[in-house]
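**Student:** Below you'll find protein-v9.txt; it's compact mmCIF, C-alpha atoms.
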# COMPACT_ATOMS: atom_id res chain seq x y z
CA MET A 836 6.78 146.84 32.29
CA LYS A 837 5.65 148.12 35.70
CA LEU A 838 4.85 151.54 34.24
CA PHE A 839 2.72 149.91 31.57
CA GLN A 840 0.89 147.84 34.20
CA ILE A 841 0.15 151.01 36.20
CA PHE A 842 -1.10 152.68 33.00
CA LEU A 843 -3.44 149.79 32.21
CA LEU A 844 -4.84 149.69 35.75
CA SER A 845 -5.41 153.46 35.64
CA LEU A 846 -7.11 153.08 32.28
CA LEU A 847 -9.41 150.37 33.60
CA LEU A 848 -10.34 152.56 36.55
CA LEU A 849 -11.00 155.55 34.30
CA ILE A 850 -13.35 153.52 32.11
CA LEU A 851 -15.25 152.47 35.23
CA ILE A 852 -15.55 155.95 36.71
CA LEU A 853 -16.57 158.04 33.69
CA PRO A 854 -19.88 156.39 32.74
CA LEU A 855 -21.18 155.85 36.27
CA SER A 856 -24.59 157.33 37.06
CA GLY A 857 -25.03 155.30 40.20
CA CYS A 858 -23.70 152.26 42.02
CA TRP A 859 -26.18 149.97 40.24
CA SER A 860 -24.33 150.41 36.91
CA SER A 861 -20.78 149.84 38.14
CA ILE A 862 -18.54 147.12 36.68
CA GLU A 863 -15.92 145.52 38.87
CA ILE A 864 -12.39 145.95 37.54
CA GLU A 865 -11.86 142.19 37.78
CA GLU A 866 -14.67 141.70 35.27
CA MET A 867 -13.10 143.83 32.53
CA GLY A 868 -10.73 143.02 29.68
CA LEU A 869 -9.11 145.48 27.28
CA ILE A 870 -8.71 144.28 23.69
CA ILE A 871 -5.18 145.35 22.75
CA GLY A 872 -4.82 143.57 19.41
CA THR A 873 -6.73 141.37 16.99
CA ALA A 874 -5.60 138.73 14.49
CA LEU A 875 -7.71 137.48 11.58
CA ASP A 876 -7.03 134.19 9.78
CA LEU A 877 -8.74 132.21 7.02
CA GLU A 878 -9.62 128.61 7.81
CA LYS A 879 -10.68 125.74 5.55
CA GLU A 880 -14.17 125.63 4.11
CA GLY A 881 -16.69 124.32 6.60
CA ILE A 882 -20.06 124.65 8.24
CA ASP A 883 -20.75 126.59 11.40
CA GLU A 884 -21.73 123.87 13.88
CA ASP A 885 -24.40 126.12 15.36
CA GLN A 886 -26.27 126.28 12.03
CA GLU A 887 -26.75 122.49 11.64
CA GLY A 888 -26.34 122.65 7.89
CA ARG A 889 -29.00 125.32 7.36
CA TYR A 890 -26.45 127.60 5.66
CA PRO A 891 -24.25 126.60 2.70
CA LYS A 892 -20.61 125.67 3.13
CA ARG A 893 -18.27 128.64 3.00
CA ASP A 894 -14.89 129.69 4.30
CA MET A 895 -14.52 130.09 8.03
CA PHE A 896 -12.58 132.82 9.80
CA THR A 897 -10.69 132.65 13.07
CA ILE A 898 -10.52 135.85 15.06
CA THR A 899 -8.07 136.12 17.95
CA ASN A 900 -8.40 138.90 20.51
CA GLN A 901 -5.49 139.75 22.78
CA LEU A 902 -6.84 140.84 26.16
CA VAL A 903 -5.25 142.61 29.08
CA THR A 904 -7.12 142.16 32.35
CA ALA A 905 -6.61 142.95 36.03
CA GLU A 906 -5.05 139.51 36.43
CA THR A 907 -2.64 139.79 33.50
CA THR A 908 -1.33 143.21 34.59
CA ASP A 909 -0.15 141.51 37.77
CA SER A 910 2.02 139.07 35.81
CA GLY A 911 5.76 138.71 35.61
CA THR A 912 8.27 137.47 38.18
CA ARG A 913 7.73 137.90 41.87
CA ASP A 914 10.02 136.52 44.58
CA GLY A 915 11.69 134.30 42.01
CA THR A 916 8.39 132.71 40.98
CA THR A 917 7.19 133.05 37.38
CA GLN A 918 3.61 134.25 37.12
CA HIS A 919 1.16 133.93 34.22
CA GLN A 920 1.57 135.89 30.98
CA ALA A 921 0.90 139.60 30.68
CA TYR A 922 -1.92 138.96 28.20
CA LYS A 923 -4.58 136.42 27.31
CA ASN A 924 -5.44 135.32 23.77
CA ILE A 925 -8.98 134.16 22.99
CA SER A 926 -9.79 132.65 19.57
CA GLU A 927 -13.11 131.78 17.98
CA THR A 928 -14.12 130.60 14.51
CA GLY A 929 -17.16 131.54 12.42
CA ASP A 930 -18.26 132.50 8.92
CA ALA A 931 -18.30 136.22 9.83
CA ILE A 932 -16.46 138.40 12.33
CA LEU A 933 -19.24 139.57 14.65
CA PRO A 934 -20.85 136.14 15.25
CA ALA A 935 -17.41 134.75 16.11
CA LEU A 936 -16.85 137.60 18.57
CA ARG A 937 -20.20 136.98 20.25
CA LYS A 938 -19.35 133.30 20.64
CA MET A 939 -16.36 134.37 22.74
CA ILE A 940 -18.82 135.45 25.43
CA LEU A 941 -19.52 131.77 26.05
CA ARG A 942 -15.85 131.12 26.84
CA ILE A 943 -14.60 134.13 28.81
CA ASP A 944 -15.67 135.73 32.07
CA LYS A 945 -14.62 139.26 31.10
CA ARG A 946 -16.50 142.18 29.56
CA ALA A 947 -14.29 143.00 26.56
CA PHE A 948 -13.69 146.64 25.61
CA GLY A 949 -12.30 147.50 22.16
CA GLU A 950 -11.75 151.25 22.56
CA HIS A 951 -8.03 150.77 23.16
CA ALA A 952 -7.22 148.24 20.43
CA LYS A 953 -3.83 149.07 18.92
CA VAL A 954 -3.43 146.78 15.92
CA ILE A 955 -5.26 144.43 13.54
CA VAL A 956 -3.13 141.70 11.96
CA ILE A 957 -4.58 140.12 8.80
CA GLY A 958 -3.29 136.69 7.80
CA GLU A 959 -1.80 136.10 4.36
CA ASP A 960 -4.40 133.55 3.15
CA LEU A 961 -7.28 135.79 4.17
CA ALA A 962 -5.76 138.86 2.49
CA ARG A 963 -5.03 136.93 -0.72
CA ASN A 964 -8.53 135.49 -1.08
CA TYR A 965 -10.86 138.20 0.20
CA ASN A 966 -11.53 141.83 -0.64
CA LEU A 967 -10.09 143.71 2.33
CA LYS A 968 -13.10 146.04 2.39
CA GLN A 969 -15.17 142.98 3.32
CA VAL A 970 -12.66 141.85 5.93
CA LEU A 971 -12.63 145.22 7.72
CA ASP A 972 -16.33 146.05 7.34
CA PHE A 973 -17.10 145.13 10.96
CA PHE A 974 -14.21 147.18 12.35
CA LYS A 975 -15.32 150.29 10.43
CA ARG A 976 -18.85 149.94 11.80
CA GLU A 977 -17.91 149.05 15.38
CA GLN A 978 -18.28 152.14 17.56
CA GLU A 979 -15.78 150.90 20.12
CA MET A 980 -13.01 150.49 17.54
CA ARG A 981 -10.52 153.33 17.30
CA PRO A 982 -9.86 154.48 13.72
CA SER A 983 -6.24 155.08 14.72
CA ALA A 984 -5.60 151.34 15.21
CA LEU A 985 -2.91 150.07 12.84
CA ILE A 986 -3.29 147.51 10.06
CA VAL A 987 -0.51 145.05 9.17
CA ILE A 988 -0.38 141.92 7.01
CA ALA A 989 1.09 138.71 8.41
CA LYS A 990 3.15 136.37 6.30
CA GLU A 991 1.55 133.00 6.96
CA ASN A 992 -0.50 132.97 10.17
CA ALA A 993 -1.70 136.15 11.91
CA ARG A 994 -2.53 134.52 15.23
CA ARG A 995 1.08 133.44 15.77
CA THR A 996 2.26 137.07 15.61
CA LEU A 997 0.33 137.68 18.85
CA GLU A 998 2.10 134.91 20.78
CA THR A 999 5.27 134.92 22.87
CA ASN A 1000 7.04 132.84 25.51
CA GLU A 1001 8.16 135.94 27.42
CA PRO A 1002 5.83 136.47 30.42
CA THR A 1003 6.22 140.25 30.58
CA VAL A 1004 5.78 140.98 26.85
CA ILE A 1005 2.43 141.97 25.32
CA PRO A 1006 2.87 141.10 21.62
CA ALA A 1007 0.31 143.59 20.25
CA ILE A 1008 1.94 146.48 22.12
CA GLN A 1009 5.40 145.35 21.07
CA LEU A 1010 4.31 145.10 17.43
CA VAL A 1011 2.96 148.66 17.42
CA GLU A 1012 6.15 149.96 19.03
CA MET A 1013 8.21 148.16 16.37
CA THR A 1014 6.36 149.98 13.58
CA GLN A 1015 7.52 153.29 15.09
CA GLY A 1016 11.14 152.54 14.14
CA GLN A 1017 11.19 154.67 10.99
CA LYS A 1018 13.74 157.05 12.46
CA ARG A 1019 16.29 154.23 12.57
CA THR A 1020 15.71 152.21 9.40
CA THR A 1021 14.41 152.53 5.86
CA GLU A 1022 12.95 149.00 6.03
CA ILE A 1023 9.79 150.12 7.89
CA LEU A 1024 6.90 151.81 6.11
CA LEU A 1025 4.78 154.64 7.45
CA PRO A 1026 2.21 153.10 9.87
CA MET A 1027 -1.20 152.53 8.26
CA SER A 1028 -4.22 153.36 10.45
CA ILE A 1029 -7.74 152.06 9.77
CA THR A 1030 -8.74 155.54 8.55
CA ARG A 1031 -5.82 155.83 6.13
CA PHE A 1032 -6.28 152.23 5.02
CA GLU A 1033 -9.93 152.85 4.14
CA GLY A 1034 -8.93 155.90 2.11
CA GLN A 1035 -6.35 153.86 0.19
CA LEU A 1036 -8.90 151.14 -0.59
CA ASN A 1037 -11.41 153.71 -1.82
CA SER A 1038 -8.82 155.42 -4.04
CA GLY A 1039 -8.64 152.47 -6.41
CA THR A 1040 -4.85 152.67 -6.60
CA SER A 1041 -2.44 149.95 -5.51
CA PHE A 1042 -0.47 150.50 -2.31
CA LEU A 1043 1.76 148.91 0.33
CA LEU A 1044 1.19 147.75 3.89
CA GLN A 1045 3.77 146.81 6.49
CA SER A 1046 4.15 143.04 6.74
CA VAL A 1047 5.18 140.97 9.74
CA LYS A 1048 6.10 137.33 10.16
CA PRO A 1049 6.02 135.07 13.23
CA ALA A 1050 9.30 133.49 14.30
CA LYS A 1051 9.54 131.15 17.31
CA GLY A 1052 7.41 133.20 19.66
CA GLU A 1053 8.64 136.50 18.27
CA ARG A 1054 7.44 138.79 15.50
CA ILE A 1055 9.69 140.33 12.87
CA LEU A 1056 8.81 143.22 10.58
CA SER A 1057 9.56 141.76 7.17
CA GLY A 1058 9.16 143.76 3.97
CA ALA A 1059 5.89 145.08 2.59
CA ALA A 1060 2.58 143.62 1.41
CA ILE A 1061 1.34 144.70 -2.05
CA ILE A 1062 -2.41 145.45 -2.15
CA ASP A 1063 -4.08 145.47 -5.59
CA GLY A 1064 -6.07 148.66 -6.09
CA LYS A 1065 -8.70 146.93 -8.23
CA THR A 1066 -9.32 143.66 -6.39
CA LYS A 1067 -8.47 145.05 -2.90
CA LYS A 1068 -6.57 141.81 -2.27
CA LEU A 1069 -3.00 140.91 -1.38
CA ARG A 1070 -0.94 140.26 -4.53
CA GLY A 1071 2.44 139.50 -2.98
CA PHE A 1072 5.33 140.89 -0.96
CA LEU A 1073 8.40 143.05 -1.32
CA ASP A 1074 11.47 141.90 0.58
CA ASP A 1075 13.50 144.13 2.91
CA THR A 1076 15.80 145.40 0.15
CA GLU A 1077 12.90 146.30 -2.13
CA THR A 1078 11.10 147.99 0.75
CA GLU A 1079 14.17 150.16 1.30
CA GLY A 1080 13.99 151.10 -2.37
CA VAL A 1081 10.36 152.17 -1.94
CA THR A 1082 11.33 154.42 0.97
CA TRP A 1083 13.96 156.16 -1.16
CA ILE A 1084 11.55 156.63 -4.09
CA THR A 1085 8.81 158.12 -1.91
CA GLY A 1086 11.25 160.10 0.24
CA GLU A 1087 9.29 159.13 3.37
CA GLY A 1088 12.29 157.86 5.34
CA LYS A 1089 13.09 159.51 8.66
CA GLY A 1090 16.48 157.91 9.16
CA GLY A 1091 18.45 154.73 8.70
CA LEU A 1092 21.63 153.40 7.14
CA VAL A 1093 23.06 152.61 3.72
CA ARG A 1094 25.75 149.93 3.61
CA SER A 1095 28.22 150.11 0.74
CA PHE A 1096 31.83 149.06 0.10
CA ASP A 1097 35.02 150.90 -0.69
CA GLU A 1098 35.72 150.17 -4.37
CA ASP A 1099 39.48 149.93 -3.75
CA THR A 1100 39.78 148.04 -0.46
CA GLY A 1101 36.43 146.23 -0.28
CA GLN A 1102 35.94 147.49 3.27
CA PRO A 1103 32.41 148.46 4.38
CA ILE A 1104 31.28 152.09 4.50
CA ILE A 1105 28.16 152.84 6.54
CA TYR A 1106 26.27 155.99 5.65
CA GLU A 1107 23.81 157.28 8.27
CA ILE A 1108 20.84 159.22 6.90
CA LEU A 1109 20.12 162.62 8.43
CA SER A 1110 17.60 163.75 5.81
CA MET A 1111 16.06 162.47 2.59
CA GLU A 1112 14.00 164.05 -0.15
CA SER A 1113 12.56 162.66 -3.37
CA LYS A 1114 10.96 164.57 -6.25
CA ILE A 1115 8.99 162.64 -8.87
CA LYS A 1116 8.47 164.51 -12.14
CA PRO A 1117 6.36 163.16 -15.02
CA SER A 1118 7.66 163.85 -18.52
CA ILE A 1119 5.17 163.84 -21.41
CA LYS A 1120 5.99 163.72 -25.12
CA GLY A 1121 2.79 163.32 -27.08
CA GLU A 1122 1.17 160.42 -25.24
CA SER A 1123 4.49 158.89 -24.24
CA ILE A 1124 5.01 158.95 -20.47
CA SER A 1125 8.22 158.73 -18.47
CA PHE A 1126 9.25 159.78 -14.98
CA ASP A 1127 12.34 161.42 -13.52
CA VAL A 1128 13.06 160.69 -9.87
CA LYS A 1129 15.56 163.00 -8.17
CA ILE A 1130 16.69 161.76 -4.76
CA GLU A 1131 18.77 163.87 -2.40
CA SER A 1132 20.07 162.98 1.03
CA GLU A 1133 22.39 164.48 3.62
CA GLY A 1134 24.07 162.30 6.19
CA ARG A 1135 27.22 161.30 8.00
CA ILE A 1136 29.79 158.54 8.03
CA GLY A 1137 28.47 156.24 10.72
CA GLU A 1138 31.21 153.63 10.36
CA HIS A 1139 34.06 152.73 8.00
CA TRP A 1140 36.75 150.04 8.13
CA ASP A 1141 39.39 151.44 5.81
CA LEU A 1142 42.42 152.36 7.91
CA SER A 1143 44.61 153.25 4.94
CA GLY A 1144 43.06 156.67 4.29
CA GLU A 1145 42.19 159.80 6.22
CA PRO A 1146 38.43 159.95 6.90
CA PHE A 1147 38.44 163.76 6.59
CA ASP A 1148 40.20 163.64 3.23
CA ASN A 1149 38.02 165.11 0.49
CA LYS A 1150 38.94 162.32 -1.92
CA PHE A 1151 37.75 159.67 0.55
CA LEU A 1152 34.49 161.54 1.20
CA LYS A 1153 33.73 161.86 -2.50
CA LYS A 1154 34.37 158.15 -2.92
CA ALA A 1155 32.09 157.36 0.01
CA GLU A 1156 29.36 159.55 -1.48
CA ARG A 1157 29.74 157.83 -4.85
CA MET A 1158 29.57 154.33 -3.35
CA THR A 1159 26.51 155.28 -1.30
CA GLU A 1160 24.80 156.70 -4.39
CA LYS A 1161 25.42 153.44 -6.26
CA GLU A 1162 23.87 151.45 -3.42
CA VAL A 1163 20.79 153.68 -3.21
CA GLU A 1164 20.37 153.40 -6.97
CA TYR A 1165 20.53 149.62 -6.64
CA LEU A 1166 17.84 149.65 -3.92
CA VAL A 1167 15.56 151.85 -6.03
CA LYS A 1168 15.99 149.77 -9.18
CA SER A 1169 15.30 146.57 -7.23
CA ALA A 1170 11.97 147.96 -6.03
CA LEU A 1171 11.04 149.23 -9.50
CA ALA A 1172 11.90 145.91 -11.13
CA LYS A 1173 9.72 143.93 -8.73
CA ALA A 1174 6.77 146.33 -9.08
CA GLN A 1175 6.96 146.86 -12.85
CA GLU A 1176 8.12 143.49 -14.14
CA GLU A 1177 6.74 140.93 -11.71
CA TYR A 1178 3.57 142.52 -10.30
CA GLN A 1179 2.93 145.27 -12.88
CA MET A 1180 1.64 147.60 -10.19
CA ASP A 1181 2.37 151.21 -9.21
CA VAL A 1182 2.82 151.20 -5.44
CA PHE A 1183 4.97 154.36 -5.36
CA GLY A 1184 2.46 157.09 -6.20
CA PHE A 1185 3.66 157.84 -9.73
CA GLY A 1186 0.07 157.83 -10.96
CA ASN A 1187 -0.91 160.45 -8.40
CA LYS A 1188 1.88 162.74 -9.65
CA LEU A 1189 0.60 162.29 -13.19
CA ARG A 1190 -2.96 163.02 -12.07
CA ILE A 1191 -1.91 166.30 -10.43
CA GLU A 1192 0.34 167.63 -13.20
CA HIS A 1193 -1.42 166.21 -16.28
CA PRO A 1194 -5.08 165.64 -15.36
CA LYS A 1195 -6.35 165.28 -18.95
CA LEU A 1196 -3.82 162.58 -19.79
CA TRP A 1197 -4.54 160.88 -16.48
CA GLU A 1198 -8.22 160.55 -17.40
CA LYS A 1199 -7.17 158.58 -20.46
CA VAL A 1200 -4.86 156.14 -18.68
CA LYS A 1201 -6.22 155.81 -15.16
CA GLU A 1202 -8.47 152.79 -15.80
CA ASP A 1203 -5.52 150.56 -16.65
CA TRP A 1204 -2.75 152.55 -15.01
CA ASP A 1205 -0.97 149.64 -13.30
CA LYS A 1206 -0.49 147.90 -16.66
CA THR A 1207 0.59 151.18 -18.31
CA PHE A 1208 3.03 151.90 -15.50
CA SER A 1209 4.74 148.54 -16.01
CA GLU A 1210 6.04 149.82 -19.37
CA VAL A 1211 6.89 153.41 -18.35
CA PRO A 1212 10.61 154.36 -18.22
CA VAL A 1213 11.78 155.71 -14.85
CA ASN A 1214 15.04 157.68 -14.70
CA ILE A 1215 16.87 157.82 -11.37
CA ASP A 1216 19.22 160.56 -10.17
CA VAL A 1217 20.73 160.15 -6.69
CA ASN A 1218 22.76 162.84 -4.93
CA ILE A 1219 24.35 162.02 -1.57
CA ILE A 1220 26.05 164.69 0.54
CA ILE A 1221 28.17 163.73 3.53
CA LYS A 1222 28.02 166.73 5.85
CA GLU A 1223 29.10 165.14 9.12
CA PHE A 1224 31.94 162.78 9.79
CA GLY A 1225 31.21 161.45 13.26
CA THR A 1226 34.06 161.31 15.74
CA THR A 1227 37.39 159.55 15.33
CA GLY A 1228 39.91 158.37 17.84
Please express what this file holds, its structure, as structure tokens.
**Tutor:**
Amino acid sequence: MKLFQIFLLSLLLLILILPLSGCWSSIEIEEMGLIIGTALDLEKEGIDEDQEGRYPKRDMFTITNQLVTAETTDSGTRDGTTQHQAYKNISETGDAILPALRKMILRIDKRAFGEHAKVIVIGEDLARNYNLKQVLDFFKREQEMRPSALIVIAKENARRTLETNEPTVIPAIQLVEMTQGQKRTTEILLPMSITRFEGQLNSGTSFLLQSVKPAKGERILSGAAIIDGKTKKLRGFLDDTETEGVTWITGEGKGGLVRSFDEDTGQPIIYEILSMESKIKPSIKGESISFDVKIESEGRIGEHWDLSGEPFDNKFLKKAERMTEKEVEYLVKSALAKAQEEYQMDVFGFGNKLRIEHPKLWEKVKEDWDKTFSEVPVNIDVNIIIKEFGTTG
């Protein structure tokens, strides 16, 4: 944490030094606050007290900014005494984002800078009820906002994902670091920046966002949020298992594990992914559409509990490959079932493959593609190759 504190102090100093044209325009470091993360939540219908009933009743929004200041960077434990937290959360409510932000000026003594914001967390109720292009309109227009900031959807309340009881933890920073865990698990999606998110919304196709849930002062990455390409609203969630299936279908995984069982002994076999590739091929017969998904992966035995056989034995390895293939197939089919049967939405990119390879047919089906996709057969072929065995005692 000390290195991060030094970084933040250096950053604050750099911001002060660069724009100076004279001593009259300087800002004291104690007067500054860096916005690290932002949470957006939907509140009950109400009237902005400042408007005295001049505007009609409408939904209110609560925006929470997580600030790091000169005081918070000096937090932690010193000489056995617990200091204040490493961040400060400021919340304000209004019927639009910018007015709520300006009201914060009345409550804080810091000049807030948004150039270094890392993440925007959108609450479930807000994402379900409002077009996300409306929700993020301010952030796209705001010159201080970095387009590389990440977007995630919170299950339940967004504000709670930016809270912790640990004095040295900055929740927004921790959340961003958690989304970088793709090399170790297939349960985390590719991070979605504001720029990429805007492109997805403009494409008109349905897609997925990483979801997070608050849990007793912590935050846990938990499945994926399904965004409707037509309404631009949250439709629902995939669980962790279904999210793993999505990763295998898209072939975007960087690493992770597959847990299966020995069919004879019932003992667990843990396959560690070294590489993964997926090829989606549309098949057209007349106007009948189907897809073939060929998944290939190379990996190693990360762990196995069967002591009755020799781990280098070819028969055992073939069995381990077969059990792993069955588990991957299960993950893929779970994701397809949820998307096709329950939500009737293509969140895998099948439509894009059809558009590229059969553009004329795509023009005929694109307007109602999600509904069409829900009835399209998808054939799965999984090939697992164990090329490394780890070490044995």
**Student:** As a PDB file with C-alpha atoms, keeping the file's coordinate frame, please: the residues near Arg1157 (chain A) (cut-off 12 Å, all atoms listed in the file, same-chain neighbours under 4 positions excluded).
**Tutor:**
ATOM      1  CA  SER A1095      28.220 150.110   0.740  1.00  0.00           C
ATOM      2  CA  PHE A1096      31.830 149.060   0.100  1.00  0.00           C
ATOM      3  CA  ASP A1097      35.020 150.900  -0.690  1.00  0.00           C
ATOM      4  CA  GLU A1098      35.720 150.170  -4.370  1.00  0.00           C
ATOM      5  CA  ILE A1104      31.280 152.090   4.500  1.00  0.00           C
ATOM      6  CA  TYR A1106      26.270 155.990   5.650  1.00  0.00           C
ATOM      7  CA  LYS A1150      38.940 162.320  -1.920  1.00  0.00           C
ATOM      8  CA  PHE A1151      37.750 159.670   0.550  1.00  0.00           C
ATOM      9  CA  LEU A1152      34.490 161.540   1.200  1.00  0.00           C
ATOM     10  CA  LYS A1153      33.730 161.860  -2.500  1.00  0.00           C
ATOM     11  CA  LYS A1161      25.420 153.440  -6.260  1.00  0.00           C
ATOM     12  CA  GLU A1162      23.870 151.450  -3.420  1.00  0.00           C
ATOM     13  CA  VAL A1163      20.790 153.680  -3.210  1.00  0.00           C
ATOM     14  CA  GLU A1164      20.370 153.400  -6.970  1.00  0.00           C
ATOM     15  CA  VAL A1217      20.730 160.150  -6.690  1.00  0.00           C
ATOM     16  CA  ASN A1218      22.760 162.840  -4.930  1.00  0.00           C
ATOM     17  CA  ILE A1219      24.350 162.020  -1.570  1.00  0.00           C
ATOM     18  CA  ILE A1220      26.050 164.690   0.540  1.00  0.00           C
ATOM     19  CA  ILE A1221      28.170 163.730   3.530  1.00  0.00           C
TER      20      ILE A1221
END
**Student:** For Lys975 (chain A), list every protein, DNA or RNA residue within 12 Å, evaluated using only C-alpha atoms, and leave out those in the same chain fewer than 6 positions away; present the list as a PyMOL selection string.
**Tutor:** chain A and resi 967-969+981-984+1028-1034
**Student:** What is the distance between CA of Glu977 (chain A) and CA of Ile955 (chain A), in Å to one decimal?
**Tutor:**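 The value is 13.6 Å.
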**Student:** Could you check the closest approach to Gly1086 (chain A) for each of A:Asp972, A:Asp876, A:Glu959, A:Glu1131 and tell me which residue wins, using only C-alpha atoms?
**Tutor:**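 The shortest atom-to-atom distance to Gly1086 (chain A) comes from A:Glu1131.
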**Student:** Counting all atoms listed in the file, which of A:Ile1061, A:Met1027, A:Ile1115, A:Leu997 gets nearest to Glu1077 (chain A)?
**Tutor:** A:Ile1061
**Student:** Contacts of Gly1088 (chain A) at 10 Å or less, counting only C-alpha atoms, minus same-chain residues fewer than 3 places along, as a PDB file with C-alpha atoms, in the frame of the given file?
**Tutor:**
ATOM      1  CA  GLN A1017      11.190 154.670  10.990  1.00  0.00           C
ATOM      2  CA  LYS A1018      13.740 157.050  12.460  1.00  0.00           C
ATOM      3  CA  ARG A1019      16.290 154.230  12.570  1.00  0.00           C
ATOM      4  CA  THR A1020      15.710 152.210   9.400  1.00  0.00           C
ATOM      5  CA  THR A1021      14.410 152.530   5.860  1.00  0.00           C
ATOM      6  CA  GLU A1022      12.950 149.000   6.030  1.00  0.00           C
ATOM      7  CA  ILE A1023       9.790 150.120   7.890  1.00  0.00           C
ATOM      8  CA  LEU A1024       6.900 151.810   6.110  1.00  0.00           C
ATOM      9  CA  LEU A1025       4.780 154.640   7.450  1.00  0.00           C
ATOM     10  CA  GLU A1079      14.170 150.160   1.300  1.00  0.00           C
ATOM     11  CA  VAL A1081      10.360 152.170  -1.940  1.00  0.00           C
ATOM     12  CA  THR A1082      11.330 154.420   0.970  1.00  0.00           C
ATOM     13  CA  TRP A1083      13.960 156.160  -1.160  1.00  0.00           C
ATOM     14  CA  ILE A1084      11.550 156.630  -4.090  1.00  0.00           C
ATOM     15  CA  THR A1085       8.810 158.120  -1.910  1.00  0.00           C
ATOM     16  CA  GLY A1091      18.450 154.730   8.700  1.00  0.00           C
ATOM     17  CA  ILE A1108      20.840 159.220   6.900  1.00  0.00           C
ATOM     18  CA  LEU A1109      20.120 162.620   8.430  1.00  0.00           C
ATOM     19  CA  SER A1110      17.600 163.750   5.810  1.00  0.00           C
ATOM     20  CA  MET A1111      16.060 162.470   2.590  1.00  0.00           C
ATOM     21  CA  GLU A1112      14.000 164.050  -0.150  1.00  0.00           C
ATOM     22  CA  SER A1113      12.560 162.660  -3.370  1.00  0.00           C
TER      23      SER A1113
END
**Student:** Out of A:Gly958, A:Gly872, A:Gly1064, A:Gly1016, which residue has the shortest atom-to-atom distance to Lys1048 (chain A) when counting only C-alpha atoms?
**Tutor:** A:Gly958
**Student:** Fewer than 5 positions away in the same chain doesn't count, so skip those; otherwise give me all residues within 10 Å of Glu1053 (chain A), counting all atoms listed in the file, as a PyMOL selection string.
**Tutor:** chain A and resi 995-1001+1006+1009-1010+1048
**Student:** Counting all atoms listed in the file, which residue out of A:Tyr965, A:Phe1072, A:Phe896, A:Trp1140 sits closest to Leu936 (chain A)?
**Tutor:**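 Once distances to Leu936 (chain A) are computed over all atoms listed in the file, the minimum belongs to A:Phe896.
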**Student:** What is the distance between CA of Leu877 (chain A) and CA of Val1047 (chain A), in Å to one decimal?
**Tutor:**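 CA of Leu877 (chain A) sits 16.7 Å away from CA of Val1047 (chain A).
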**Student:** Counting all atoms listed in the file, which residues in region 992-1086 of chain A sit no more than 12 Å from region 1174-1181 of chain A? For each one, give the nearest pair of atoms and the distance in Å, sorted by chain then residue number, as JSON lines.
**Tutor:**
{"residue": "A:Gly1039", "atom": "CA", "partner": "A:Asp1181", "partner_atom": "CA", "distance": 11.4}
{"residue": "A:Thr1040", "atom": "CA", "partner": "A:Asp1181", "partner_atom": "CA", "distance": 7.8}
{"residue": "A:Ser1041", "atom": "CA", "partner": "A:Asp1181", "partner_atom": "CA", "distance": 6.2}
{"residue": "A:Phe1042", "atom": "CA", "partner": "A:Asp1181", "partner_atom": "CA", "distance": 7.5}
{"residue": "A:Leu1043", "atom": "CA", "partner": "A:Asp1181", "partner_atom": "CA", "distance": 9.8}
{"residue": "A:Ala1059", "atom": "CA", "partner": "A:Ala1174", "partner_atom": "CA", "distance": 11.8}
{"residue": "A:Ala1060", "atom": "CA", "partner": "A:Ala1174", "partner_atom": "CA", "distance": 11.6}
{"residue": "A:Ile1061", "atom": "CA", "partner": "A:Met1180", "partner_atom": "CA", "distance": 8.6}
{"residue": "A:Ile1062", "atom": "CA", "partner": "A:Met1180", "partner_atom": "CA", "distance": 9.3}
{"residue": "A:Asp1063", "atom": "CA", "partner": "A:Met1180", "partner_atom": "CA", "distance": 7.6}
{"residue": "A:Gly1064", "atom": "CA", "partner": "A:Met1180", "partner_atom": "CA", "distance": 8.8}
{"residue": "A:Lys1065", "atom": "CA", "partner": "A:Met1180", "partner_atom": "CA", "distance": 10.5}
{"residue": "A:Leu1069", "atom": "CA", "partner": "A:Tyr1178", "partner_atom": "CA", "distance": 11.2}
{"residue": "A:Arg1070", "atom": "CA", "partner": "A:Tyr1178", "partner_atom": "CA", "distance": 7.7}
{"residue": "A:Gly1071", "atom": "CA", "partner": "A:Tyr1178", "partner_atom": "CA", "distance": 8.0}
{"residue": "A:Phe1072", "atom": "CA", "partner": "A:Tyr1178", "partner_atom": "CA", "distance": 9.6}
{"residue": "A:Leu1073", "atom": "CA", "partner": "A:Ala1174", "partner_atom": "CA", "distance": 8.6}
{"residue": "A:Asp1074", "atom": "CA", "partner": "A:Ala1174", "partner_atom": "CA", "distance": 11.6}
{"residue": "A:Glu1077", "atom": "CA", "partner": "A:Ala1174", "partner_atom": "CA", "distance": 9.3}
{"residue": "A:Thr1078", "atom": "CA", "partner": "A:Ala1174", "partner_atom": "CA", "distance": 10.9}
{"residue": "A:Gly1080", "atom": "CA", "partner": "A:Ala1174", "partner_atom": "CA", "distance": 11.0}
{"residue": "A:Val1081", "atom": "CA", "partner": "A:Ala1174", "partner_atom": "CA", "distance": 9.9}
{"residue": "A:Ile1084", "atom": "CA", "partner": "A:Asp1181", "partner_atom": "CA", "distance": 11.8}
{"residue": "A:Thr1085", "atom": "CA", "partner": "A:Asp1181", "partner_atom": "CA", "distance": 11.9}
**Student:** Would you pick out the contacts of Asn924 (chain A) at 7 Å or less, using all atoms listed in the file, so that residues sharing its chain but fewer than 2 positions from it are not included, and give the list as a ChimeraX atom specification?
**Tutor:** /A:899-902,922,926
**Student:** Find the residue from A:Lys1188, A:Lys1173, A:His1139, A:Arg1094 that sits nearest to Phe1126 (chain A); use only C-alpha atoms when measuring.
**Tutor:** A:Lys1188
